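Everything below belongs to data_22.pdb, which stores PDB, C-alpha atoms.
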```pdb
ATOM      1  CA  MET A   1       9.620  55.681  13.192  1.00  0.00           C
ATOM      2  CA  ASP A   2      11.184  54.131  16.246  1.00  0.00           C
ATOM      3  CA  ARG A   3      13.854  51.469  16.033  1.00  0.00           C
ATOM      4  CA  ARG A   4      11.736  48.550  17.259  1.00  0.00           C
ATOM      5  CA  LEU A   5       9.004  49.150  14.667  1.00  0.00           C
ATOM      6  CA  LYS A   6      11.610  49.464  11.932  1.00  0.00           C
ATOM      7  CA  GLU A   7      13.191  46.129  12.949  1.00  0.00           C
ATOM      8  CA  THR A   8       9.786  44.470  13.029  1.00  0.00           C
ATOM      9  CA  LEU A   9       8.939  45.701   9.536  1.00  0.00           C
ATOM     10  CA  THR A  10      12.350  44.600   8.287  1.00  0.00           C
ATOM     11  CA  ASN A  11      11.768  41.128   9.730  1.00  0.00           C
ATOM     12  CA  TYR A  12       8.375  40.910   8.019  1.00  0.00           C
ATOM     13  CA  ILE A  13       9.937  41.928   4.718  1.00  0.00           C
ATOM     14  CA  PHE A  14      12.551  39.180   5.065  1.00  0.00           C
ATOM     15  CA  ILE A  15      10.013  36.443   5.821  1.00  0.00           C
ATOM     16  CA  ALA A  16       7.473  37.640   3.237  1.00  0.00           C
ATOM     17  CA  PRO A  17       8.896  35.575   0.324  1.00  0.00           C
ATOM     18  CA  ALA A  18       8.792  32.387   2.391  1.00  0.00           C
ATOM     19  CA  VAL A  19       5.238  33.070   3.580  1.00  0.00           C
ATOM     20  CA  ILE A  20       4.091  33.893   0.043  1.00  0.00           C
ATOM     21  CA  GLY A  21       5.768  30.724  -1.251  1.00  0.00           C
ATOM     22  CA  VAL A  22       4.068  28.563   1.364  1.00  0.00           C
ATOM     23  CA  LEU A  23       0.721  30.142   0.599  1.00  0.00           C
ATOM     24  CA  LEU A  24       1.057  29.835  -3.183  1.00  0.00           C
ATOM     25  CA  PHE A  25       2.586  26.383  -3.375  1.00  0.00           C
ATOM     26  CA  HIS A  26       1.117  24.607  -0.326  1.00  0.00           C
ATOM     27  CA  ILE A  27      -1.942  26.202   1.244  1.00  0.00           C
ATOM     28  CA  VAL A  28      -3.761  27.304  -1.947  1.00  0.00           C
ATOM     29  CA  PRO A  29      -3.358  23.942  -3.742  1.00  0.00           C
ATOM     30  CA  MET A  30      -4.482  22.034  -0.631  1.00  0.00           C
ATOM     31  CA  ALA A  31      -7.516  24.281  -0.163  1.00  0.00           C
ATOM     32  CA  SER A  32      -8.483  24.060  -3.840  1.00  0.00           C
ATOM     33  CA  SER A  33      -8.074  20.262  -3.769  1.00  0.00           C
ATOM     34  CA  LEU A  34     -10.345  20.092  -0.755  1.00  0.00           C
ATOM     35  CA  TYR A  35     -12.905  22.304  -2.494  1.00  0.00           C
ATOM     36  CA  PHE A  36     -12.784  20.329  -5.751  1.00  0.00           C
ATOM     37  CA  SER A  37     -13.145  17.045  -3.852  1.00  0.00           C
ATOM     38  CA  PHE A  38     -16.692  18.110  -3.003  1.00  0.00           C
ATOM     39  CA  THR A  39     -17.571  18.982  -6.614  1.00  0.00           C
ATOM     40  CA  ARG A  40     -18.051  17.348  -9.980  1.00  0.00           C
ATOM     41  CA  TYR A  41     -15.476  19.056 -12.157  1.00  0.00           C
ATOM     42  CA  ASP A  42     -14.233  18.141 -15.622  1.00  0.00           C
ATOM     43  CA  VAL A  43     -12.075  21.232 -16.376  1.00  0.00           C
ATOM     44  CA  VAL A  44     -14.330  22.198 -19.306  1.00  0.00           C
ATOM     45  CA  SER A  45     -17.436  23.148 -17.340  1.00  0.00           C
ATOM     46  CA  ALA A  46     -17.855  24.946 -14.052  1.00  0.00           C
ATOM     47  CA  PRO A  47     -17.561  22.844 -10.890  1.00  0.00           C
ATOM     48  CA  LYS A  48     -20.883  21.598  -9.519  1.00  0.00           C
ATOM     49  CA  PHE A  49     -21.140  20.994  -5.778  1.00  0.00           C
ATOM     50  CA  ILE A  50     -22.113  17.375  -5.002  1.00  0.00           C
ATOM     51  CA  GLY A  51     -21.163  17.148  -1.320  1.00  0.00           C
ATOM     52  CA  ILE A  52     -19.614  13.891  -0.143  1.00  0.00           C
ATOM     53  CA  GLY A  53     -20.635  12.003  -3.308  1.00  0.00           C
ATOM     54  CA  ASN A  54     -17.040  11.653  -4.464  1.00  0.00           C
ATOM     55  CA  TYR A  55     -16.033  10.180  -1.111  1.00  0.00           C
ATOM     56  CA  GLN A  56     -18.976   7.749  -1.153  1.00  0.00           C
ATOM     57  CA  ALA A  57     -18.020   6.619  -4.664  1.00  0.00           C
ATOM     58  CA  MET A  58     -14.404   6.211  -3.595  1.00  0.00           C
ATOM     59  CA  ILE A  59     -15.278   4.049  -0.596  1.00  0.00           C
ATOM     60  CA  ALA A  60     -17.668   1.954  -2.709  1.00  0.00           C
ATOM     61  CA  ASP A  61     -14.892   1.231  -5.218  1.00  0.00           C
ATOM     62  CA  PRO A  62     -13.473  -2.286  -4.652  1.00  0.00           C
ATOM     63  CA  LEU A  63      -9.928  -1.089  -5.338  1.00  0.00           C
ATOM     64  CA  TRP A  64     -10.081   1.455  -2.512  1.00  0.00           C
ATOM     65  CA  ARG A  65      -9.321  -1.092   0.221  1.00  0.00           C
ATOM     66  CA  ARG A  66      -6.418  -2.456  -1.790  1.00  0.00           C
ATOM     67  CA  ALA A  67      -5.030   1.054  -2.256  1.00  0.00           C
ATOM     68  CA  ILE A  68      -5.313   1.753   1.489  1.00  0.00           C
ATOM     69  CA  PHE A  69      -3.595  -1.572   2.267  1.00  0.00           C
ATOM     70  CA  ASN A  70      -0.766  -0.842  -0.189  1.00  0.00           C
ATOM     71  CA  THR A  71      -0.251   2.613   1.306  1.00  0.00           C
ATOM     72  CA  CYS A  72      -0.177   1.270   4.868  1.00  0.00           C
ATOM     73  CA  TYR A  73       2.171  -1.530   3.817  1.00  0.00           C
ATOM     74  CA  TYR A  74       4.531   0.937   2.187  1.00  0.00           C
ATOM     75  CA  VAL A  75       4.524   3.243   5.202  1.00  0.00           C
ATOM     76  CA  GLY A  76       4.738   0.474   7.790  1.00  0.00           C
ATOM     77  CA  VAL A  77       7.143  -1.973   6.148  1.00  0.00           C
ATOM     78  CA  THR A  78       8.971  -0.623   3.120  1.00  0.00           C
ATOM     79  CA  LEU A  79       9.748   2.845   4.441  1.00  0.00           C
ATOM     80  CA  PRO A  80      11.336   1.719   7.746  1.00  0.00           C
ATOM     81  CA  ILE A  81      13.459  -0.870   5.937  1.00  0.00           C
ATOM     82  CA  ARG A  82      14.726   1.772   3.511  1.00  0.00           C
ATOM     83  CA  LEU A  83      15.496   4.142   6.386  1.00  0.00           C
ATOM     84  CA  ILE A  84      17.430   1.456   8.252  1.00  0.00           C
ATOM     85  CA  ILE A  85      19.453   0.613   5.120  1.00  0.00           C
ATOM     86  CA  ALA A  86      20.179   4.320   4.567  1.00  0.00           C
ATOM     87  CA  LEU A  87      21.321   4.713   8.176  1.00  0.00           C
ATOM     88  CA  ILE A  88      23.607   1.685   7.901  1.00  0.00           C
ATOM     89  CA  ALA A  89      25.070   3.050   4.656  1.00  0.00           C
ATOM     90  CA  ALA A  90      25.666   6.450   6.285  1.00  0.00           C
ATOM     91  CA  VAL A  91      27.431   4.850   9.241  1.00  0.00           C
ATOM     92  CA  LEU A  92      29.574   2.715   6.922  1.00  0.00           C
ATOM     93  CA  LEU A  93      30.522   5.742   4.817  1.00  0.00           C
ATOM     94  CA  ASP A  94      31.620   7.605   7.944  1.00  0.00           C
ATOM     95  CA  GLN A  95      34.057   4.919   9.128  1.00  0.00           C
ATOM     96  CA  LYS A  96      37.799   5.538   9.205  1.00  0.00           C
ATOM     97  CA  VAL A  97      39.051   2.320   7.636  1.00  0.00           C
ATOM     98  CA  LYS A  98      41.519   1.496   4.886  1.00  0.00           C
ATOM     99  CA  GLY A  99      39.953   1.717   1.410  1.00  0.00           C
ATOM    100  CA  ILE A 100      36.966   3.827   2.483  1.00  0.00           C
ATOM    101  CA  THR A 101      37.748   6.371  -0.241  1.00  0.00           C
ATOM    102  CA  ILE A 102      37.265   3.745  -2.949  1.00  0.00           C
ATOM    103  CA  PHE A 103      34.043   2.583  -1.294  1.00  0.00           C
ATOM    104  CA  ARG A 104      32.758   6.173  -1.191  1.00  0.00           C
ATOM    105  CA  VAL A 105      33.620   6.707  -4.859  1.00  0.00           C
ATOM    106  CA  ILE A 106      31.821   3.491  -5.861  1.00  0.00           C
ATOM    107  CA  PHE A 107      28.848   4.413  -3.666  1.00  0.00           C
ATOM    108  CA  TYR A 108      28.461   7.975  -4.984  1.00  0.00           C
ATOM    109  CA  LEU A 109      29.359   7.272  -8.618  1.00  0.00           C
ATOM    110  CA  PRO A 110      25.781   6.487  -9.728  1.00  0.00           C
ATOM    111  CA  SER A 111      24.667   9.840  -8.323  1.00  0.00           C
ATOM    112  CA  ILE A 112      27.194  11.720 -10.392  1.00  0.00           C
TER     113      ILE A 112
END
```
Step by step, read the file and then write its structure as structure tokens.
Amino acid sequence: MDRRLKETLTNYIFIAPAVIGVLLFHIVPMASSLYFSFTRYDVVSAPKFIGIGNYQAMIADPLWRRAIFNTCYYVGVTLPIRLIIALIAAVLLDQKVKGITIFRVIFYLPSI
């Protein structure tokens, strides 16, 4: 076996756990969720394919629009505000001023 092939196989062996983890914990659950979204499934009986019926029922639900609005509000308003506050806190914690050690202790104490 030549050196280049051996290095390639070694590289594949090193990335195999990460690839297997992504497949098992991300790709498979997403694919099964997509599949089950097109079925009527109650865990006790076998899934029965119903096409886009679940999506039609979801859109017909009056709470669906409210849920979409709440999600968009959270992503568009709440999330940026939290990120800005976190950035300000990070900048404040990085300052070289008198008493910063006490401020850092008070800030991180709830985490501990």
Kindly indicate which residue among A:Ile102, A:Ala90, A:Ile50, A:Leu83 lies nearest to A:Tyr35, using only C-alpha atoms for the distances. A:Ile50
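Rounded to one decimal, atom CA of A:Val77 and atom CA of A:Ala89 lie 18.7 Å from each other.
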Would you compute the distance between atom CA of A:Asn54 and atom CA of A:Arg40? Give it in Å to one decimal.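 One can read the atom CA of A:Asn54 to atom CA of A:Arg40 distance as 8.0 Å.
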Between atom CA of A:Pro29 and atom CA of A:Pro80, what is the distance, to one decimal in Å?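 Separating atom CA of A:Pro29 from atom CA of A:Pro80 is a distance of 29.0 Å.
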Spell out the residues picked by the PyMOL selection byres ((chain A and resi 36) around 12) here, as JSON, numbers by chain. {"A": [29, 30, 31, 32, 33, 34, 35, 37, 38, 39, 40, 41, 42, 43, 46, 47, 48, 49, 50, 51, 52, 53, 54, 55]}
Emit as lines of an AutoDock Vina configuration file the padded axis-aligned box for all listed atoms of stretch 10-24 of chain A, 8 Å per side, with centre and edge lengths in Å to one decimal.
```
center_x = 6.6
center_y = 36.6
center_z = 3.3
size_x = 27.8
size_y = 32.0
size_z = 28.9
```
